[in-house]
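Asks: Structure file upload_13.cif (mmCIF, C-alpha atoms and all ligand atoms) right here:
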data_work
#
loop_
_atom_site.group_PDB
_atom_site.id
_atom_site.type_symbol
_atom_site.label_atom_id
_atom_site.label_comp_id
_atom_site.auth_asym_id
_atom_site.auth_seq_id
_atom_site.Cartn_x
_atom_site.Cartn_y
_atom_site.Cartn_z
ATOM 1 C CA MET A 162 -15.424 17.131 -1.306
ATOM 2 C CA LYS A 163 -15.195 19.374 1.808
ATOM 3 C CA SER A 164 -12.012 19.685 3.846
ATOM 4 C CA PHE A 165 -11.437 21.452 7.147
ATOM 5 C CA ALA A 166 -9.023 21.070 10.080
ATOM 6 C CA GLY A 167 -7.690 17.698 8.931
ATOM 7 C CA ILE A 168 -11.190 16.307 8.305
ATOM 8 C CA LYS A 169 -12.200 15.432 4.757
ATOM 9 C CA LYS A 170 -15.672 14.268 3.706
ATOM 10 C CA ILE A 171 -15.728 11.985 0.685
ATOM 11 C CA ASN A 172 -18.706 12.294 -1.615
ATOM 12 C CA ASN A 173 -17.318 10.914 -4.838
ATOM 13 C CA LYS A 174 -17.627 7.768 -6.908
ATOM 14 C CA ASP A 175 -14.613 6.154 -5.217
ATOM 15 C CA TRP A 176 -16.579 5.508 -2.101
ATOM 16 C CA LYS A 177 -19.242 2.805 -2.521
ATOM 17 C CA ASN A 178 -22.301 4.125 -0.710
ATOM 18 C CA THR A 179 -24.657 1.379 0.383
ATOM 19 C CA MET A 180 -27.054 3.811 2.035
ATOM 20 C CA ASN A 181 -27.660 7.332 0.821
ATOM 21 C CA THR A 182 -27.083 8.667 4.295
ATOM 22 C CA ASP A 183 -23.649 7.023 4.697
ATOM 23 C CA GLU A 184 -20.742 9.413 4.573
ATOM 24 C CA LEU A 185 -17.075 8.473 4.553
ATOM 25 C CA VAL A 186 -14.947 10.909 6.491
ATOM 26 C CA ILE A 187 -11.135 10.894 6.494
ATOM 27 C CA GLN A 188 -9.390 12.369 9.529
ATOM 28 C CA ASP A 189 -5.773 12.840 10.499
ATOM 29 C CA TYR A 190 -4.727 10.453 13.282
ATOM 30 C CA SER A 191 -5.037 11.758 16.805
ATOM 31 C CA GLU A 192 -3.940 9.938 19.992
ATOM 32 C CA HIS A 193 -7.512 9.473 21.249
ATOM 33 C CA MET A 194 -8.141 7.161 18.239
ATOM 34 C CA LEU A 195 -5.439 4.673 19.162
ATOM 35 C CA ASP A 196 -7.459 2.215 21.282
ATOM 36 C CA GLU A 197 -10.131 1.915 18.586
ATOM 37 C CA MET A 198 -7.456 1.479 15.896
ATOM 38 C CA MET A 199 -5.831 -1.336 17.827
ATOM 39 C CA GLN A 200 -9.197 -3.051 18.284
ATOM 40 C CA LEU A 201 -9.936 -2.703 14.544
ATOM 41 C CA PHE A 202 -6.459 -4.085 13.749
ATOM 42 C CA TYR A 203 -6.976 -7.070 16.079
ATOM 43 C CA ASN A 204 -10.465 -7.867 14.733
ATOM 44 C CA THR A 205 -9.429 -7.529 11.088
ATOM 45 C CA VAL A 206 -6.331 -9.694 11.427
ATOM 46 C CA HIS A 207 -8.240 -12.433 13.285
ATOM 47 C CA SER A 208 -11.131 -12.499 10.801
ATOM 48 C CA VAL A 209 -10.150 -11.153 7.362
ATOM 49 C CA ASN A 210 -6.557 -12.457 7.379
ATOM 50 C CA ALA A 211 -7.661 -15.789 8.849
ATOM 51 C CA LYS A 212 -8.344 -17.108 5.348
ATOM 52 C CA ASP A 213 -4.636 -16.864 4.460
ATOM 53 C CA TYR A 214 -2.717 -17.426 7.708
ATOM 54 C CA LYS A 215 -2.693 -20.017 10.488
ATOM 55 C CA LYS A 216 -4.066 -19.241 13.953
ATOM 56 C CA GLU A 217 -0.563 -19.227 15.434
ATOM 57 C CA GLN A 218 0.593 -16.679 12.841
ATOM 58 C CA LEU A 219 -2.451 -14.485 13.509
ATOM 59 C CA ASN A 220 -1.738 -14.612 17.251
ATOM 60 C CA ASN A 221 1.815 -13.459 16.652
ATOM 61 C CA TRP A 222 0.721 -10.722 14.263
ATOM 62 C CA ALA A 223 -2.015 -9.389 16.548
ATOM 63 C CA PRO A 224 -1.462 -10.666 20.069
ATOM 64 C CA LEU A 225 -3.813 -10.428 23.031
ATOM 65 C CA PRO A 226 -4.363 -8.913 25.497
ATOM 66 C CA LEU A 227 -4.933 -5.491 24.024
ATOM 67 C CA PRO A 228 -3.225 -3.077 24.244
ATOM 68 C CA ALA A 229 -0.318 -5.488 23.810
ATOM 69 C CA ASP A 230 1.867 -3.178 21.717
ATOM 70 C CA LYS A 231 0.402 0.209 22.626
ATOM 71 C CA ARG A 232 3.735 1.963 23.262
ATOM 72 C CA PHE A 233 5.118 0.580 20.005
ATOM 73 C CA TRP A 234 2.077 1.931 18.098
ATOM 74 C CA GLU A 235 2.288 5.309 19.853
ATOM 75 C CA GLN A 236 5.933 5.701 18.909
ATOM 76 C CA ARG A 237 5.557 4.681 15.275
ATOM 77 C CA LEU A 238 2.458 6.828 14.715
ATOM 78 C CA LYS A 239 4.423 9.888 15.834
ATOM 79 C CA LYS A 240 6.760 9.311 12.882
ATOM 80 C CA SER A 241 4.196 8.651 10.148
ATOM 81 C CA VAL A 242 1.341 10.338 8.332
ATOM 82 C CA CYS A 243 -1.721 8.419 9.418
ATOM 83 C CA LYS A 244 -5.184 8.790 7.882
ATOM 84 C CA VAL A 245 -8.239 7.296 9.579
ATOM 85 C CA ALA A 246 -11.603 6.625 7.891
ATOM 86 C CA PHE A 247 -15.019 6.844 9.565
ATOM 87 C CA ILE A 248 -18.527 6.045 8.379
ATOM 88 C CA ASN A 249 -21.317 7.437 10.531
ATOM 89 C CA ASN A 250 -18.747 7.914 13.335
ATOM 90 C CA ILE A 251 -17.626 4.262 13.188
ATOM 91 C CA MET A 252 -13.914 3.811 12.547
ATOM 92 C CA VAL A 253 -13.686 1.732 9.367
ATOM 93 C CA GLY A 254 -10.010 1.817 8.410
ATOM 94 C CA PHE A 255 -6.627 3.437 8.609
ATOM 95 C CA THR A 256 -3.350 3.688 6.764
ATOM 96 C CA GLU A 257 0.127 5.010 7.534
ATOM 97 C CA LEU A 258 2.736 6.501 5.257
ATOM 98 C CA VAL A 259 6.291 6.857 6.523
ATOM 99 C CA ASP A 260 8.778 9.422 5.288
ATOM 100 C CA ASP A 261 10.455 7.473 2.543
ATOM 101 C CA GLY A 262 7.204 6.626 0.733
ATOM 102 C CA HIS A 263 6.553 3.359 2.543
ATOM 103 C CA ILE A 264 2.926 2.417 3.265
ATOM 104 C CA ASP A 265 3.306 0.827 6.672
ATOM 105 C CA THR A 266 -0.266 -0.205 7.426
ATOM 106 C CA MET A 267 -3.606 -0.560 5.637
ATOM 107 C CA TYR A 268 -6.404 -2.113 7.666
ATOM 108 C CA VAL A 269 -10.142 -1.999 6.992
ATOM 109 C CA HIS A 270 -12.860 -2.942 9.495
ATOM 110 C CA LYS A 271 -13.947 -6.575 9.066
ATOM 111 C CA ASP A 272 -17.577 -5.535 8.472
ATOM 112 C CA PHE A 273 -16.716 -2.887 5.857
ATOM 113 C CA GLN A 274 -14.651 -4.946 3.389
ATOM 114 C CA ARG A 275 -14.935 -4.332 -0.397
ATOM 115 C CA ARG A 276 -16.708 -1.011 0.045
ATOM 116 C CA LYS A 277 -13.760 1.023 -1.284
ATOM 117 C CA VAL A 278 -12.596 2.207 2.130
ATOM 118 C CA ALA A 279 -8.993 1.233 1.315
ATOM 119 C CA THR A 280 -9.382 2.781 -2.146
ATOM 120 C CA THR A 281 -10.253 6.099 -0.533
ATOM 121 C CA LEU A 282 -7.358 5.790 1.917
ATOM 122 C CA ILE A 283 -4.818 4.938 -0.783
ATOM 123 C CA ASN A 284 -6.030 7.869 -2.866
ATOM 124 C CA GLU A 285 -5.120 10.079 0.127
ATOM 125 C CA ILE A 286 -1.655 8.491 0.168
ATOM 126 C CA LEU A 287 -1.259 9.017 -3.583
ATOM 127 C CA GLN A 288 -2.119 12.713 -3.177
ATOM 128 C CA ILE A 289 0.455 13.127 -0.402
ATOM 129 C CA ALA A 290 3.059 11.262 -2.459
ATOM 130 C CA GLU A 291 2.420 13.637 -5.349
ATOM 131 C CA GLN A 292 2.754 16.703 -3.101
ATOM 132 C CA ARG A 293 6.062 15.344 -1.778
ATOM 133 C CA ASN A 294 7.342 14.442 -5.247
ATOM 134 C CA TYR A 295 7.937 10.812 -4.343
ATOM 135 C CA SER A 296 9.013 8.742 -7.325
ATOM 136 C CA MET A 297 7.984 5.437 -5.760
ATOM 137 C CA LEU A 298 5.715 3.925 -3.119
ATOM 138 C CA THR A 299 6.584 0.678 -1.365
ATOM 139 C CA THR A 300 4.727 -1.651 0.952
ATOM 140 C CA GLU A 301 4.949 -5.099 2.496
ATOM 141 C CA ALA A 302 1.607 -6.625 1.647
ATOM 142 C CA SER A 303 0.032 -9.626 3.314
ATOM 143 C CA ILE A 304 -1.237 -12.496 1.136
ATOM 144 C CA THR A 305 -4.709 -11.044 1.804
ATOM 145 C CA ALA A 306 -3.847 -7.487 0.733
ATOM 146 C CA LYS A 307 -1.784 -8.383 -2.364
ATOM 147 C CA PRO A 308 -4.774 -8.254 -4.812
ATOM 148 C CA PHE A 309 -5.750 -4.832 -3.464
ATOM 149 C CA PHE A 310 -2.287 -3.379 -4.030
ATOM 150 C CA GLU A 311 -2.102 -5.059 -7.458
ATOM 151 C CA ALA A 312 -5.351 -3.296 -8.365
ATOM 152 C CA PHE A 313 -3.469 -0.027 -7.733
ATOM 153 C CA GLY A 314 -0.499 -0.933 -9.921
ATOM 154 C CA PHE A 315 1.846 -2.252 -7.232
ATOM 155 C CA LYS A 316 4.179 -5.030 -8.413
ATOM 156 C CA VAL A 317 5.745 -7.775 -6.313
ATOM 157 C CA THR A 318 9.518 -7.299 -6.117
ATOM 158 C CA GLN A 319 10.221 -9.904 -3.441
ATOM 159 C CA VAL A 320 8.420 -12.743 -1.720
ATOM 160 C CA LYS A 321 9.424 -12.436 1.900
ATOM 161 C CA LYS A 322 9.485 -15.293 4.387
ATOM 162 C CA LYS A 323 10.171 -13.137 7.375
ATOM 163 C CA LEU A 324 9.958 -13.909 11.054
ATOM 164 C CA TYR A 325 7.094 -12.208 12.869
ATOM 165 C CA ASN A 326 7.584 -12.424 16.640
ATOM 166 C CA GLY A 327 9.823 -15.401 15.938
ATOM 167 C CA LYS A 328 7.336 -17.203 13.652
ATOM 168 C CA ASP A 329 7.566 -17.825 9.922
ATOM 169 C CA PHE A 330 5.367 -15.431 7.936
ATOM 170 C CA THR A 331 4.928 -14.882 4.177
ATOM 171 C CA ASN A 332 4.327 -11.464 2.712
ATOM 172 C CA TYR A 333 5.261 -9.524 -0.422
ATOM 173 C CA LYS A 334 7.501 -6.544 -0.905
ATOM 174 C CA MET A 335 5.641 -4.460 -3.495
ATOM 175 C CA THR A 336 6.462 -1.204 -5.273
ATOM 176 C CA LYS A 337 4.649 1.271 -7.454
ATOM 177 C CA ALA A 338 6.499 3.749 -9.628
ATOM 178 C CA LEU A 339 4.840 7.181 -9.622
HETATM 179 C C1 LIG A 401 -6.645 -5.366 1.833
HETATM 180 C C2 LIG A 401 -7.714 -4.446 2.401
HETATM 181 C C3 LIG A 401 -7.033 -3.266 3.105
HETATM 182 C C4 LIG A 401 -8.598 -3.936 1.230
HETATM 183 O O1 LIG A 401 -9.587 -3.056 1.761
HETATM 184 P P1 LIG A 401 -11.014 -2.826 1.073
HETATM 185 O O2 LIG A 401 -11.568 -1.548 1.605
HETATM 186 O O3 LIG A 401 -11.858 -4.039 1.244
HETATM 187 O O4 LIG A 401 -10.612 -2.676 -0.456
HETATM 188 P P2 LIG A 401 -11.428 -1.902 -1.604
HETATM 189 O O5 LIG A 401 -12.894 -2.136 -1.413
HETATM 190 O O6 LIG A 401 -10.981 -0.491 -1.656
HETATM 191 O O7 LIG A 401 -10.903 -2.705 -2.900
HETATM 192 C C5 LIG A 401 -10.486 -2.037 -4.081
HETATM 193 C C6 LIG A 401 -10.107 -3.056 -5.129
HETATM 194 O O8 LIG A 401 -8.984 -3.850 -4.688
HETATM 195 C C7 LIG A 401 -9.158 -5.205 -5.138
HETATM 196 N N1 LIG A 401 -9.375 -6.072 -3.973
HETATM 197 C C8 LIG A 401 -9.553 -5.714 -2.691
HETATM 198 N N2 LIG A 401 -9.686 -6.807 -1.891
HETATM 199 C C9 LIG A 401 -9.605 -7.879 -2.709
HETATM 200 C C10 LIG A 401 -9.681 -9.278 -2.499
HETATM 201 N N3 LIG A 401 -9.848 -9.820 -1.267
HETATM 202 N N4 LIG A 401 -9.547 -10.102 -3.566
HETATM 203 C C11 LIG A 401 -9.373 -9.609 -4.811
HETATM 204 N N5 LIG A 401 -9.291 -8.274 -5.087
HETATM 205 C C12 LIG A 401 -9.403 -7.426 -4.044
HETATM 206 C C13 LIG A 401 -10.378 -5.210 -6.041
HETATM 207 O O9 LIG A 401 -9.951 -4.868 -7.347
HETATM 208 C C14 LIG A 401 -11.204 -4.075 -5.440
HETATM 209 O O10 LIG A 401 -12.139 -3.492 -6.335
HETATM 210 P P3 LIG A 401 -13.604 -4.199 -6.522
HETATM 211 O O11 LIG A 401 -14.167 -4.427 -5.162
HETATM 212 O O12 LIG A 401 -14.368 -3.178 -7.339
HETATM 213 O O13 LIG A 401 -13.347 -5.491 -7.256
HETATM 214 C C15 LIG A 401 -8.640 -5.215 3.389
HETATM 215 O O14 LIG A 401 -9.097 -6.409 2.782
HETATM 216 C C16 LIG A 401 -7.993 -5.591 4.708
HETATM 217 O O15 LIG A 401 -8.131 -4.878 5.696
HETATM 218 N N6 LIG A 401 -7.308 -6.761 4.728
HETATM 219 C C17 LIG A 401 -6.745 -7.296 5.953
HETATM 220 C C18 LIG A 401 -5.602 -6.481 6.507
HETATM 221 C C19 LIG A 401 -4.364 -6.582 5.660
HETATM 222 O O16 LIG A 401 -3.941 -7.652 5.258
HETATM 223 N N7 LIG A 401 -3.769 -5.413 5.465
HETATM 224 C C20 LIG A 401 -2.527 -5.277 4.843
HETATM 225 C C21 LIG A 401 -1.473 -5.483 5.858
HETATM 226 S S1 LIG A 401 0.054 -5.415 5.064
#
Have the structure of the file written as structure tokens, please.

Replies:
Amino acid sequence: MKSFAGIKKINNKDWKNTMNTDELVIQDYSEHMLDEMMQLFYNTVHSVNAKDYKKEQLNNWAPLPLPADKRFWEQRLKKSVCKVAFINNIMVGFTELVDDGHIDTMYVHKDFQRRKVATTLINEILQIAEQRNYSMLTTEASITAKPFFEAFGFKVTQVKKKLYNGKDFTNYKMTKAL
């Protein structure tokens, strides 16, 4: 695994290569990535999450027109550690860790599901958590993401029926002791 200037190339078993030439690269978030991240977020919510949520809920979660919440994203990304994954220069996922050990986002490109992109991203988070001596990681997982977090030892501590832009929305508060 090579690492330089915030760019890490993954060449290990965690990353499921479908073509020998594919290379998963993890980069630290930079502002020029934001538009592509928001597009990935929108596309993933409206396709991958569509199996678990109603259209109205998806529209509230990821509203149009883009960039609907750009200022909100800019502000929150300044306060978090954000890692972004690329395969052959295509953005394929991102995750954010905020100061208290909370994983705030985990989104993988709709066309790159189940190829261990999120596994690679969460391994980055786990490394950072270890460096910072966190004793626990938390997240609020969607219905869709719950099996992924369970695969990494997260346990549901609360089923949340929260309001998302004023609409009812189920997700799970999950924690993992480190
Ligand atoms: C949840 C998500 C991030 C997982 O990303 P991914 O790159 O496809 O996940 P991985 O390939 O790394 O999966 C690792 C393991 O997690 C588990 N897993 C992941 N997705 C799963 C699913 N839909 N059903 C069951 N298990 C799943 C499996 O054990 C999987 O290993 P396997 O493929 O060898 O069986 C992705 O599906 C996604 O973007 N979902 C929509 C956005 C979302 O809801 N994000 C969370 C917001 S809170």

Asks: Give me the residues near Ser303 (chain A) as a PyMOL selection string, where near means some atom within 9 Å (using only C-alpha atoms) and where sequence neighbours in that chain fewer than 4 positions away do not count.

Replies: chain A and resi 210+213+307+331-333

Asks: With the file shown as input, list the residues that the PyMOL selection byres (((not hetatm)) within 8 of (chain A and resi 401)) selects, as a ChimeraX atom specification.

Replies: /A:202,205-206,209-210,254,265-271,273-281,300-313,332

Asks: Might you pull out every residue within 7 Å of Phe247 (chain A), with only C-alpha atoms counted and same-chain residues fewer than 5 positions away left off, and present them as a ChimeraX atom specification?

Replies: /A:185-187,252-253

Asks: Give me, as a list in words, all polymer residues having an atom no more than 10 Å from region 229-240 of chain A, counting all atoms listed in the file and skipping those fewer than 2 positions away in the same chain.

Replies: Tyr190, Ser191, Glu192, Leu195, Asp196, Met198, Met199, Ala223, Pro224, Leu225, Pro226, Leu227, Val242, Cys243, Glu257, Leu258, Val259, Asp260 and Asp265 of chain A

Asks: Distance CA of Phe315 (chain A)-CA of Ala338 (chain A), one decimal place?

Replies: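 Pair CA of Phe315 (chain A) / CA of Ala338 (chain A) returns 8.0 Å.
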
Asks: Hey, can you check how far CA of Lys215 (chain A) sits from CA of Leu201 (chain A)?

Replies: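 One can read the CA of Lys215 (chain A) to CA of Leu201 (chain A) distance as 19.2 Å.
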
Asks: Residues within 9 Å of Tyr295 (chain A), please, as number ranges by chain. Count only C-alpha atoms; anything in the same chain fewer than 2 positions from it doesn't count.

Replies: A: 261-262, 289-293, 297-298, 338-339

Asks: Mind writing the picked residues with C-alpha atoms as a compact mmCIF listing (two decimals), in the coordinates of the input?

Replies:
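Saved the output as selection.txt:
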# COMPACT_ATOMS: atom_id res chain seq x y z
CA ASP A 261 10.46 7.47 2.54
CA GLY A 262 7.20 6.63 0.73
CA ILE A 289 0.46 13.13 -0.40
CA ALA A 290 3.06 11.26 -2.46
CA GLU A 291 2.42 13.64 -5.35
CA GLN A 292 2.75 16.70 -3.10
CA ARG A 293 6.06 15.34 -1.78
CA MET A 297 7.98 5.44 -5.76
CA LEU A 298 5.72 3.92 -3.12
CA ALA A 338 6.50 3.75 -9.63
CA LEU A 339 4.84 7.18 -9.62

Asks: Near Phe330 (chain A), counting only C-alpha atoms, which residues have an atom at most 10 Å away, once you skip same-chain residues fewer than 6 positions from it, shown as a JSON list (two decimals) with C-alpha atoms, in the frame of the given file?

Replies:
[["chain", "number", "residue", "atom", "x", "y", "z"],
["A", 214, "TYR", "CA", -2.72, -17.43, 7.71],
["A", 215, "LYS", "CA", -2.69, -20.02, 10.49],
["A", 218, "GLN", "CA", 0.59, -16.68, 12.84],
["A", 219, "LEU", "CA", -2.45, -14.48, 13.51],
["A", 221, "ASN", "CA", 1.82, -13.46, 16.65],
["A", 222, "TRP", "CA", 0.72, -10.72, 14.26],
["A", 303, "SER", "CA", 0.03, -9.63, 3.31],
["A", 304, "ILE", "CA", -1.24, -12.50, 1.14],
["A", 321, "LYS", "CA", 9.42, -12.44, 1.90],
["A", 322, "LYS", "CA", 9.48, -15.29, 4.39],
["A", 323, "LYS", "CA", 10.17, -13.14, 7.38],
["A", 324, "LEU", "CA", 9.96, -13.91, 11.05]]

Asks: Draw an axis-aligned box tight on the listed atoms of region 263-280 of chain A, then pad every side by 6 Å and write out centre and edge lengths in Å to one decimal as lines of an AutoDock Vina configuration file.

Replies:
center_x = -5.5
center_y = -1.6
center_z = 3.7
size_x = 36.1
size_y = 21.9
size_z = 23.6

Asks: Could you state which residues are captured by the PyMOL selection byres (((chain A and resi 244) around 6) and not hetatm) in this file, as a list in words?

Replies: Gln188, Asp189, Tyr190, Cys243, Val245, Phe255 and Thr256 of chain A

Asks: Please, what distance in Å, to one decimal, runs between CA of Val320 (chain A) and CA of Glu285 (chain A)?

Replies: 26.6 Å
